[in-house]
file work15.pdb (PDB, C-alpha atoms and all ligand atoms)
ATOM      1  CA  MET A  22     -43.736  26.154 -49.138
ATOM      2  CA  ALA A  23     -41.433  24.418 -46.691
ATOM      3  CA  GLU A  24     -42.147  24.953 -43.034
ATOM      4  CA  PHE A  25     -39.004  25.377 -40.999
ATOM      5  CA  ALA A  26     -38.059  25.583 -37.336
ATOM      6  CA  ASP A  27     -34.518  26.432 -36.328
ATOM      7  CA  GLN A  28     -35.016  26.914 -32.584
ATOM      8  CA  VAL A  29     -37.397  25.174 -30.204
ATOM      9  CA  ALA A  30     -37.969  24.965 -26.477
ATOM     10  CA  LEU A  31     -38.198  21.369 -25.291
ATOM     11  CA  ARG A  32     -39.177  19.965 -21.902
ATOM     12  CA  VAL A  33     -37.830  16.501 -21.161
ATOM     13  CA  LYS A  34     -38.906  14.248 -18.311
ATOM     14  CA  ALA A  35     -37.092  10.989 -17.651
ATOM     15  CA  GLY A  36     -38.913   8.041 -16.103
ATOM     16  CA  ASP A  37     -39.151   7.642 -12.318
ATOM     17  CA  GLY A  38     -37.553   4.598 -10.743
ATOM     18  CA  GLY A  39     -39.991   1.957  -9.475
ATOM     19  CA  HIS A  40     -40.337   1.476  -5.716
ATOM     20  CA  GLY A  41     -38.791  -1.496  -3.985
ATOM     21  CA  CYS A  42     -41.077  -4.074  -2.432
ATOM     22  CA  ALA A  43     -41.259  -5.182   1.206
ATOM     23  CA  SER A  44     -42.433  -8.773   1.333
ATOM     24  CA  VAL A  45     -41.913 -11.843   3.472
ATOM     25  CA  ARG A  46     -41.658 -15.317   1.965
ATOM     26  CA  ARG A  47     -44.505 -17.638   2.918
ATOM     27  CA  GLU A  48     -44.253 -21.352   2.721
ATOM     28  CA  LYS A  49     -46.350 -24.096   4.247
ATOM     29  CA  PHE A  50     -45.265 -24.781   7.873
ATOM     30  CA  LYS A  51     -42.710 -21.947   7.580
ATOM     31  CA  PRO A  52     -44.583 -18.711   8.337
ATOM     32  CA  LEU A  53     -41.569 -16.358   8.317
ATOM     33  CA  GLY A  54     -39.379 -17.454   5.440
ATOM     34  CA  GLY A  55     -37.267 -14.297   5.230
ATOM     35  CA  PRO A  56     -37.514 -11.130   3.124
ATOM     36  CA  ASP A  57     -38.190 -11.613  -0.606
ATOM     37  CA  GLY A  58     -39.244  -8.167  -1.872
ATOM     38  CA  GLY A  59     -37.736  -7.334  -5.297
ATOM     39  CA  ASN A  60     -36.133  -4.068  -6.438
ATOM     40  CA  GLY A  61     -37.917  -1.410  -8.451
ATOM     41  CA  GLY A  62     -36.994  -0.998 -12.127
ATOM     42  CA  ARG A  63     -34.876   1.901 -13.428
ATOM     43  CA  GLY A  64     -36.736   4.796 -15.105
ATOM     44  CA  GLY A  65     -36.166   5.328 -18.830
ATOM     45  CA  ASP A  66     -33.823   8.044 -20.182
ATOM     46  CA  VAL A  67     -34.774  10.712 -22.700
ATOM     47  CA  ILE A  68     -32.112  10.497 -25.417
ATOM     48  CA  LEU A  69     -31.582  12.879 -28.328
ATOM     49  CA  GLU A  70     -30.194  11.133 -31.411
ATOM     50  CA  VAL A  71     -29.080  12.536 -34.748
ATOM     51  CA  ASP A  72     -31.175  11.121 -37.564
ATOM     52  CA  PRO A  73     -30.058  12.071 -41.095
ATOM     53  CA  GLY A  74     -33.681  11.702 -42.271
ATOM     54  CA  THR A  75     -34.829  14.585 -40.071
ATOM     55  CA  ALA A  76     -34.329  18.035 -41.557
ATOM     56  CA  THR A  77     -35.900  20.442 -39.082
ATOM     57  CA  LEU A  78     -36.962  20.750 -35.441
ATOM     58  CA  LEU A  79     -40.580  21.185 -36.498
ATOM     59  CA  ASP A  80     -41.731  17.932 -34.918
ATOM     60  CA  LEU A  81     -40.408  19.065 -31.523
ATOM     61  CA  HIS A  82     -42.052  22.448 -31.962
ATOM     62  CA  ARG A  83     -45.387  20.673 -32.383
ATOM     63  CA  ARG A  84     -44.859  18.320 -29.415
ATOM     64  CA  PRO A  85     -42.593  20.190 -26.982
ATOM     65  CA  VAL A  86     -42.919  17.856 -23.975
ATOM     66  CA  ARG A  87     -41.295  14.406 -24.101
ATOM     67  CA  ARG A  88     -41.419  11.733 -21.387
ATOM     68  CA  ALA A  89     -39.687   8.402 -20.987
ATOM     69  CA  GLY A  90     -41.346   5.394 -19.287
ATOM     70  CA  ASN A  91     -41.414   4.897 -15.512
ATOM     71  CA  GLY A  92     -39.829   1.851 -13.908
ATOM     72  CA  LYS A  93     -42.211  -0.726 -12.431
ATOM     73  CA  GLN A  94     -42.467  -1.577  -8.752
ATOM     74  CA  GLY A  95     -40.722  -4.682  -7.433
ATOM     75  CA  SER A  96     -42.851  -7.519  -6.045
ATOM     76  CA  GLY A  97     -42.654 -10.567  -3.797
ATOM     77  CA  SER A  98     -40.730 -13.770  -4.581
ATOM     78  CA  ASN A  99     -37.691 -11.592  -5.423
ATOM     79  CA  ARG A 100     -39.243 -10.308  -8.622
ATOM     80  CA  ASN A 101     -37.604  -7.056  -9.776
ATOM     81  CA  GLY A 102     -39.775  -4.428 -11.487
ATOM     82  CA  ALA A 103     -39.380  -3.917 -15.228
ATOM     83  CA  GLU A 104     -37.201  -1.057 -16.437
ATOM     84  CA  GLY A 105     -38.913   1.971 -17.945
ATOM     85  CA  ALA A 106     -38.512   2.321 -21.711
ATOM     86  CA  ASP A 107     -35.989   4.886 -22.956
ATOM     87  CA  LEU A 108     -37.388   7.553 -25.255
ATOM     88  CA  VAL A 109     -35.258   8.329 -28.302
ATOM     89  CA  VAL A 110     -36.031  11.727 -29.817
ATOM     90  CA  ARG A 111     -34.732  12.142 -33.359
ATOM     91  CA  VAL A 112     -33.062  15.456 -34.173
ATOM     92  CA  PRO A 113     -31.397  16.785 -37.336
ATOM     93  CA  ASP A 114     -27.626  16.776 -37.856
ATOM     94  CA  GLY A 115     -26.142  19.987 -36.455
ATOM     95  CA  THR A 116     -28.490  20.406 -33.498
ATOM     96  CA  VAL A 117     -27.055  22.355 -30.572
ATOM     97  CA  VAL A 118     -28.551  21.597 -27.150
ATOM     98  CA  LYS A 119     -28.564  24.430 -24.622
ATOM     99  CA  THR A 120     -30.010  25.181 -21.226
ATOM    100  CA  GLU A 121     -32.565  27.949 -20.926
ATOM    101  CA  ASP A 122     -29.704  30.225 -19.797
ATOM    102  CA  GLY A 123     -27.827  29.612 -23.036
ATOM    103  CA  GLU A 124     -25.168  27.206 -21.711
ATOM    104  CA  VAL A 125     -24.233  24.720 -24.435
ATOM    105  CA  LEU A 126     -24.689  21.117 -23.273
ATOM    106  CA  ALA A 127     -24.081  19.283 -26.523
ATOM    107  CA  ASP A 128     -23.330  19.875 -30.174
ATOM    108  CA  LEU A 129     -24.772  16.920 -32.043
ATOM    109  CA  VAL A 130     -22.923  16.279 -35.284
ATOM    110  CA  GLY A 131     -22.906  13.035 -37.268
ATOM    111  CA  ALA A 132     -25.555  10.379 -37.786
ATOM    112  CA  GLY A 133     -26.262   8.353 -34.653
ATOM    113  CA  THR A 134     -24.658  10.824 -32.216
ATOM    114  CA  ARG A 135     -26.512  10.606 -28.905
ATOM    115  CA  PHE A 136     -26.990  12.794 -25.880
ATOM    116  CA  VAL A 137     -28.802  11.766 -22.722
ATOM    117  CA  ALA A 138     -30.995  14.806 -22.142
ATOM    118  CA  ALA A 139     -32.579  13.491 -18.951
ATOM    119  CA  GLN A 140     -31.488  10.484 -16.918
ATOM    120  CA  GLY A 141     -34.048   8.082 -15.504
ATOM    121  CA  GLY A 142     -34.304   7.594 -11.734
ATOM    122  CA  ARG A 143     -32.819   4.493 -10.090
ATOM    123  CA  GLY A 144     -35.220   1.893  -8.796
ATOM    124  CA  GLY A 145     -35.613   1.531  -5.025
ATOM    125  CA  LEU A 146     -34.164  -1.538  -3.335
ATOM    126  CA  GLY A 147     -36.565  -4.192  -2.111
ATOM    127  CA  ASN A 148     -36.295  -5.593   1.401
ATOM    128  CA  ALA A 149     -34.455  -8.704   0.162
ATOM    129  CA  ALA A 150     -31.575  -6.490  -1.033
ATOM    130  CA  LEU A 151     -31.670  -4.504   2.217
ATOM    131  CA  ALA A 152     -31.266  -7.527   4.486
ATOM    132  CA  SER A 153     -27.995  -7.688   6.390
ATOM    133  CA  PRO A 154     -26.611  -9.925   9.162
ATOM    134  CA  ARG A 155     -27.678  -7.339  11.739
ATOM    135  CA  ARG A 156     -31.105  -6.731  10.227
ATOM    136  CA  LYS A 157     -32.194 -10.031   8.776
ATOM    137  CA  ALA A 158     -35.756  -9.097   7.844
ATOM    138  CA  PRO A 159     -36.241  -5.395   7.168
ATOM    139  CA  GLY A 160     -39.904  -4.542   7.151
ATOM    140  CA  PHE A 161     -39.448  -1.744   4.639
ATOM    141  CA  ALA A 162     -38.150  -1.083   1.116
ATOM    142  CA  LEU A 163     -36.752   2.027  -0.604
ATOM    143  CA  ARG A 164     -38.669   4.340  -2.887
ATOM    144  CA  GLY A 165     -37.522   4.805  -6.475
ATOM    145  CA  GLU A 166     -35.719   8.033  -7.381
ATOM    146  CA  PRO A 167     -37.624  10.526  -9.517
ATOM    147  CA  GLY A 168     -36.409  10.970 -13.111
ATOM    148  CA  ILE A 169     -34.656  14.190 -14.112
ATOM    149  CA  GLU A 170     -36.932  16.838 -15.595
ATOM    150  CA  ARG A 171     -35.560  19.904 -17.338
ATOM    151  CA  SER A 172     -36.141  22.548 -19.974
ATOM    152  CA  LEU A 173     -33.845  22.751 -22.964
ATOM    153  CA  VAL A 174     -33.450  24.940 -25.997
ATOM    154  CA  LEU A 175     -32.542  23.189 -29.242
ATOM    155  CA  GLU A 176     -31.021  25.166 -32.057
ATOM    156  CA  LEU A 177     -30.324  23.965 -35.563
ATOM    157  CA  LYS A 178     -27.146  25.237 -37.179
ATOM    158  CA  THR A 179     -28.006  25.798 -40.803
ATOM    159  CA  VAL A 180     -25.512  26.291 -43.576
ATOM    160  CA  ALA A 181     -26.812  28.141 -46.623
ATOM    161  CA  ASP A 182     -26.426  26.474 -50.017
ATOM    162  CA  ALA A 183     -26.743  29.762 -51.922
ATOM    163  CA  GLY A 184     -26.412  33.421 -51.016
ATOM    164  CA  LEU A 185     -28.207  36.356 -52.626
ATOM    165  CA  ILE A 186     -25.852  39.245 -53.096
ATOM    166  CA  GLY A 187     -26.605  42.553 -54.770
ATOM    167  CA  TYR A 188     -26.610  46.314 -54.363
ATOM    168  CA  PRO A 189     -28.429  47.717 -51.340
ATOM    169  CA  ASN A 190     -32.145  48.069 -52.056
ATOM    170  CA  ALA A 191     -31.918  45.725 -55.055
ATOM    171  CA  GLY A 192     -34.748  43.472 -53.848
ATOM    172  CA  LYS A 193     -32.851  40.574 -52.226
ATOM    173  CA  SER A 194     -35.144  40.398 -49.207
ATOM    174  CA  SER A 195     -38.220  40.611 -51.446
ATOM    175  CA  LEU A 196     -36.917  37.667 -53.474
ATOM    176  CA  ILE A 197     -36.233  35.419 -50.475
ATOM    177  CA  ALA A 198     -39.643  36.313 -49.005
ATOM    178  CA  ALA A 199     -41.266  35.226 -52.276
ATOM    179  CA  MET A 200     -39.247  31.995 -52.559
ATOM    180  CA  SER A 201     -39.374  30.762 -48.974
ATOM    181  CA  ALA A 202     -41.177  31.108 -45.659
ATOM    182  CA  ALA A 203     -38.533  33.580 -44.417
ATOM    183  CA  ARG A 204     -39.943  37.009 -43.614
ATOM    184  CA  PRO A 205     -37.092  39.516 -43.560
ATOM    185  CA  LYS A 206     -37.881  43.222 -43.331
ATOM    186  CA  ILE A 207     -38.408  44.833 -46.728
ATOM    187  CA  GLY A 208     -38.011  48.601 -47.090
ATOM    188  CA  ASP A 209     -37.674  51.095 -49.919
ATOM    189  CA  TYR A 210     -34.373  52.356 -48.551
ATOM    190  CA  PRO A 211     -30.853  50.867 -48.625
ATOM    191  CA  PHE A 212     -29.444  48.832 -45.745
ATOM    192  CA  THR A 213     -32.804  47.536 -44.553
ATOM    193  CA  THR A 214     -31.269  44.147 -43.829
ATOM    194  CA  LEU A 215     -28.565  44.169 -41.169
ATOM    195  CA  THR A 216     -28.182  40.440 -40.386
ATOM    196  CA  PRO A 217     -28.489  37.508 -42.824
ATOM    197  CA  HIS A 218     -31.801  35.655 -43.079
ATOM    198  CA  LEU A 219     -32.121  32.044 -44.132
ATOM    199  CA  GLY A 220     -34.999  30.553 -46.060
ATOM    200  CA  VAL A 221     -35.707  26.989 -47.144
ATOM    201  CA  VAL A 222     -36.621  26.899 -50.820
ATOM    202  CA  GLU A 223     -38.522  23.965 -52.268
ATOM    203  CA  ALA A 224     -38.047  23.436 -55.990
ATOM    204  CA  GLY A 225     -39.814  20.264 -57.076
ATOM    205  CA  GLN A 226     -38.141  17.364 -55.281
ATOM    206  CA  THR A 227     -35.119  19.346 -54.112
ATOM    207  CA  GLN A 228     -34.798  21.579 -51.099
ATOM    208  CA  PHE A 229     -32.075  24.123 -50.505
ATOM    209  CA  VAL A 230     -31.289  26.902 -48.090
ATOM    210  CA  ALA A 231     -30.841  30.423 -49.451
ATOM    211  CA  ALA A 232     -29.335  33.298 -47.469
ATOM    212  CA  ASP A 233     -30.363  36.928 -47.814
ATOM    213  CA  VAL A 234     -27.056  38.727 -47.294
ATOM    214  CA  PRO A 235     -27.250  42.330 -46.061
ATOM    215  CA  GLY A 236     -26.587  44.870 -48.822
ATOM    216  CA  SER A 237     -24.023  46.577 -46.597
ATOM    217  CA  TRP A 238     -21.875  43.416 -46.705
ATOM    218  CA  CYS A 239     -21.791  43.429 -50.498
ATOM    219  CA  THR A 240     -20.312  46.861 -51.045
ATOM    220  CA  CYS A 241     -16.692  46.192 -50.156
ATOM    221  CA  TRP A 242     -14.244  46.616 -53.053
ATOM    222  CA  THR A 243     -11.463  44.080 -53.141
ATOM    223  CA  ALA A 244      -9.006  46.456 -54.897
ATOM    224  CA  PRO A 245      -8.877  50.220 -55.396
ATOM    225  CA  PRO A 246      -8.948  51.426 -59.025
ATOM    226  CA  GLY A 247      -5.490  51.877 -60.546
ATOM    227  CA  PRO A 248      -4.203  54.964 -62.470
ATOM    228  CA  PRO A 249      -6.251  56.085 -65.556
ATOM    229  CA  GLY A 250      -5.698  53.902 -68.583
ATOM    230  CA  SER A 251      -4.249  50.987 -66.607
ATOM    231  CA  ARG A 252      -5.791  47.495 -66.552
ATOM    232  CA  ALA A 253      -6.689  47.949 -62.898
ATOM    233  CA  ALA A 254      -8.767  51.048 -63.739
ATOM    234  CA  SER A 255     -10.923  49.090 -66.187
ATOM    235  CA  ARG A 256     -11.418  46.268 -63.725
ATOM    236  CA  SER A 257     -15.024  45.910 -62.710
ATOM    237  CA  PRO A 258     -15.828  45.877 -59.016
ATOM    238  CA  THR A 259     -15.575  42.493 -57.333
ATOM    239  CA  TRP A 260     -18.210  41.678 -54.790
ATOM    240  CA  MET A 261     -17.260  40.155 -51.502
TER     241      MET A 261
HETATM  242  N1  LIG B 301     -40.329  47.720 -58.908
HETATM  243  C1  LIG B 301     -39.859  46.718 -58.169
HETATM  244  N2  LIG B 301     -39.605  46.947 -56.882
HETATM  245  C2  LIG B 301     -39.133  45.924 -56.138
HETATM  246  C3  LIG B 301     -38.911  44.637 -56.655
HETATM  247  N3  LIG B 301     -38.432  43.840 -55.687
HETATM  248  C4  LIG B 301     -38.365  44.619 -54.578
HETATM  249  N4  LIG B 301     -38.800  45.879 -54.847
HETATM  250  C5  LIG B 301     -38.841  46.990 -53.906
HETATM  251  O1  LIG B 301     -37.525  47.429 -53.668
HETATM  252  C6  LIG B 301     -37.377  47.891 -52.322
HETATM  253  C7  LIG B 301     -36.202  47.209 -51.636
HETATM  254  O2  LIG B 301     -36.486  45.829 -51.472
HETATM  255  P1  LIG B 301     -35.691  44.918 -50.447
HETATM  256  O3  LIG B 301     -36.153  43.534 -50.706
HETATM  257  O4  LIG B 301     -35.813  45.434 -49.057
HETATM  258  O5  LIG B 301     -34.189  45.112 -50.957
HETATM  259  P2  LIG B 301     -32.843  44.529 -50.357
HETATM  260  O6  LIG B 301     -31.944  44.161 -51.489
HETATM  261  O7  LIG B 301     -33.114  43.447 -49.387
HETATM  262  O8  LIG B 301     -32.257  45.793 -49.625
HETATM  263  P3  LIG B 301     -31.194  45.903 -48.429
HETATM  264  O9  LIG B 301     -31.577  44.897 -47.393
HETATM  265  O10 LIG B 301     -31.348  47.280 -47.929
HETATM  266  O11 LIG B 301     -29.851  45.633 -49.018
HETATM  267  C8  LIG B 301     -38.702  47.633 -51.631
HETATM  268  O12 LIG B 301     -39.433  48.831 -51.578
HETATM  269  C9  LIG B 301     -39.380  46.619 -52.540
HETATM  270  O13 LIG B 301     -40.795  46.740 -52.469
HETATM  271  C10 LIG B 301     -39.211  44.422 -58.047
HETATM  272  O14 LIG B 301     -39.051  43.342 -58.591
HETATM  273  N5  LIG B 301     -39.697  45.507 -58.736
HETATM  274 MG    MG B 302     -32.778  43.353 -47.436
END

call {"tool": "encode", "arguments": {"input": "work15.pdb", "output": "structure tokens"}}
result
Amino acid sequence: MAEFADQVALRVKAGDGGHGCASVRREKFKPLGGPDGGNGGRGGDVILEVDPGTATLLDLHRRPVRRAGNGKQGSGSNRNGAEGADLVVRVPDGTVVKTEDGEVLADLVGAGTRFVAAQGGRGGLGNAALASPRRKAPGFALRGEPGIERSLVLELKTVADAGLIGYPNAGKSSLIAAMSAARPKIGDYPFTTLTPHLGVVEAGQTQFVAADVPGSWCTCWTAPPGPPGSRAASRSPTWM
């Protein structure tokens, strides 16, 4: 039976920027050769990217905290710190990214679509970059900025491939519960189901999404019966 996740909470933490370095150049017979501390490296971003090979959010459900790499500290001889590695998190096509309060941040549609979920911190400047005509040899460097950390809710918009329609109490919910991992309420009275339920059905190599449509939605006639004996009177009900 296919396992399926259509909504997950995800915590993303971008990399911190590396600290700048305070260093003074040393050469033989030249004890104070000027500032040569390098800058810290930028922290990595956490990026969400649509991957057509990913079908569900299950992987994120299993590992709900994702971190990008931190930037490295700068060092002497004007060496800048290495940048932190970006983290690319693969999500299925049709993933909606929201804040915990439900505000939509991105609607990711189409292979390769990207969204920077958390931006890495900037690296701190080293004392070489901080030198100015008025302050030729600063004895300090700047700290790197911390990376953004936030909580998101990812939702997968799913479109059903097939819908089960039938009279109220016909057994639609029982059928989808037997075919898939969906667990709609089953009751021996009509109108048990009030909102549609989706289930992923695995049949051999193929996978499809079936929807359990509420019985109450299926009982709308498209046309009233006509006068006795007319063609309209003999017309069978059409389900909507
Ligand atoms: N005898 C018999 N009973 C069934 C079968 N399938 C379901 N039932 C029973 O029929 C009743 C209704 O089942 P549901 O699956 O809730 O029916 P439904 O079509 O989803 O109903 P609504 O959501 O109210 O439209 C339950 O009591 C089930 O146990 C079946 O194949 N045989
Ligand atoms: Mg039902």

call {"tool": "closest_residue", "arguments": {"input": "work15.pdb", "among": "A:Met200, A:Ala132, A:Ala89, A:Ile186", "to": "ligand LIG 301 (chain B)", "atoms": "all atoms listed in the file"}}
result
A:Ile186

call {"tool": "residues_near_ligand", "arguments": {"input": "work15.pdb", "ligand": "ligand LIG 301 (chain B)", "cutoff": "7 Å", "atoms": "only C-alpha atoms and all ligand atoms", "output": "number ranges by chain"}}
result
A: 187-196, 206-215, 235-237

call {"tool": "resolve_selection", "arguments": {"input": "work15.pdb", "expression": "the PyMOL selection byres (((chain A and resi 137) around 12) and not hetatm)", "output": "number ranges by chain"}}
result
A: 33-35, 65-70, 89, 107-110, 118, 126-127, 129, 134-136, 138-141, 169-171

call {"tool": "resolve_selection", "arguments": {"input": "work15.pdb", "expression": "the PyMOL selection byres (((chain A and resi 92-100) around 9) and not hetatm)", "output": "number ranges by chain"}}
result
A: 36-46, 56-65, 90-91, 101-106, 141-147, 149, 165

call {"tool": "write_last_selection", "arguments": {"input": "work15.pdb", "atoms": "C-alpha atoms", "output": "mmCIF file, in the frame of the given file"}}
result
data_model
loop_
_atom_site.group_PDB
_atom_site.id
_atom_site.type_symbol
_atom_site.label_atom_id
_atom_site.label_comp_id
_atom_site.auth_asym_id
_atom_site.auth_seq_id
_atom_site.Cartn_x
_atom_site.Cartn_y
_atom_site.Cartn_z
ATOM 1 C CA GLY A 36 -38.913 8.041 -16.103
ATOM 2 C CA ASP A 37 -39.151 7.642 -12.318
ATOM 3 C CA GLY A 38 -37.553 4.598 -10.743
ATOM 4 C CA GLY A 39 -39.991 1.957 -9.475
ATOM 5 C CA HIS A 40 -40.337 1.476 -5.716
ATOM 6 C CA GLY A 41 -38.791 -1.496 -3.985
ATOM 7 C CA CYS A 42 -41.077 -4.074 -2.432
ATOM 8 C CA ALA A 43 -41.259 -5.182 1.206
ATOM 9 C CA SER A 44 -42.433 -8.773 1.333
ATOM 10 C CA VAL A 45 -41.913 -11.843 3.472
ATOM 11 C CA ARG A 46 -41.658 -15.317 1.965
ATOM 12 C CA PRO A 56 -37.514 -11.130 3.124
ATOM 13 C CA ASP A 57 -38.190 -11.613 -0.606
ATOM 14 C CA GLY A 58 -39.244 -8.167 -1.872
ATOM 15 C CA GLY A 59 -37.736 -7.334 -5.297
ATOM 16 C CA ASN A 60 -36.133 -4.068 -6.438
ATOM 17 C CA GLY A 61 -37.917 -1.410 -8.451
ATOM 18 C CA GLY A 62 -36.994 -0.998 -12.127
ATOM 19 C CA ARG A 63 -34.876 1.901 -13.428
ATOM 20 C CA GLY A 64 -36.736 4.796 -15.105
ATOM 21 C CA GLY A 65 -36.166 5.328 -18.830
ATOM 22 C CA GLY A 90 -41.346 5.394 -19.287
ATOM 23 C CA ASN A 91 -41.414 4.897 -15.512
ATOM 24 C CA ASN A 101 -37.604 -7.056 -9.776
ATOM 25 C CA GLY A 102 -39.775 -4.428 -11.487
ATOM 26 C CA ALA A 103 -39.380 -3.917 -15.228
ATOM 27 C CA GLU A 104 -37.201 -1.057 -16.437
ATOM 28 C CA GLY A 105 -38.913 1.971 -17.945
ATOM 29 C CA ALA A 106 -38.512 2.321 -21.711
ATOM 30 C CA GLY A 141 -34.048 8.082 -15.504
ATOM 31 C CA GLY A 142 -34.304 7.594 -11.734
ATOM 32 C CA ARG A 143 -32.819 4.493 -10.090
ATOM 33 C CA GLY A 144 -35.220 1.893 -8.796
ATOM 34 C CA GLY A 145 -35.613 1.531 -5.025
ATOM 35 C CA LEU A 146 -34.164 -1.538 -3.335
ATOM 36 C CA GLY A 147 -36.565 -4.192 -2.111
ATOM 37 C CA ALA A 149 -34.455 -8.704 0.162
ATOM 38 C CA GLY A 165 -37.522 4.805 -6.475
#

call {"tool": "resolve_selection", "arguments": {"input": "work15.pdb", "expression": "the PyMOL selection byres (((chain A and resi 31) around 12) and not hetatm)", "output": "PyMOL selection string"}}
result
chain A and resi 28-30+32-34+67+69+78-88+110+112+118-121+138-139+170-176

call {"tool": "atom_distance", "arguments": {"input": "work15.pdb", "atom1": "CA of Gly131 in chain A", "atom2": "CA of Ala181 in chain A"}}
result
18.2 Å

call {"tool": "closest_residue", "arguments": {"input": "work15.pdb", "among": "A:Thr227, A:Thr216, A:Ser201, A:Thr75", "to": "ligand MG 302 (chain B)", "atoms": "only C-alpha atoms and all ligand atoms"}}
result
A:Thr216

call {"tool": "closest_residue", "arguments": {"input": "work15.pdb", "among": "A:Glu223, A:His218, A:Ala158, A:Ala231", "to": "ligand MG 302 (chain B)", "atoms": "only C-alpha atoms and all ligand atoms"}}
result
A:His218

call {"tool": "atom_distance", "arguments": {"input": "work15.pdb", "atom1": "CA of Val71 in chain A", "atom2": "CA of Ala202 in chain A"}}
result
24.7 Å

call {"tool": "closest_residue", "arguments": {"input": "work15.pdb", "among": "A:Pro154, A:Ala198, A:Val130, A:Phe229", "to": "ligand MG 302 (chain B)", "atoms": "only C-alpha atoms and all ligand atoms"}}
result
A:Ala198

call {"tool": "atom_distance", "arguments": {"input": "work15.pdb", "atom1": "CA of Ala224 in chain A", "atom2": "CA of Thr116 in chain A"}}
result
24.6 Å

call {"tool": "closest_residue", "arguments": {"input": "work15.pdb", "among": "A:Gly225, A:Asp233, A:Ala162, A:Thr179", "to": "Ile197 in chain A", "atoms": "all atoms listed in the file"}}
result
A:Asp233

call {"tool": "closest_residue", "arguments": {"input": "work15.pdb", "among": "A:Val221, A:Val230, A:Gly123, A:Pro205", "to": "ligand MG 302 (chain B)", "atoms": "only C-alpha atoms and all ligand atoms"}}
result
A:Pro205

call {"tool": "axis_aligned_box", "arguments": {"input": "work15.pdb", "around": "range 165-175 of chain A", "padding_each_side": "3 Å", "output": "AutoDock Vina command-line options"}}
result
--center_x -35.1 --center_y 14.9 --center_z -17.9 --size_x 11.1 --size_y 26.1 --size_z 28.8
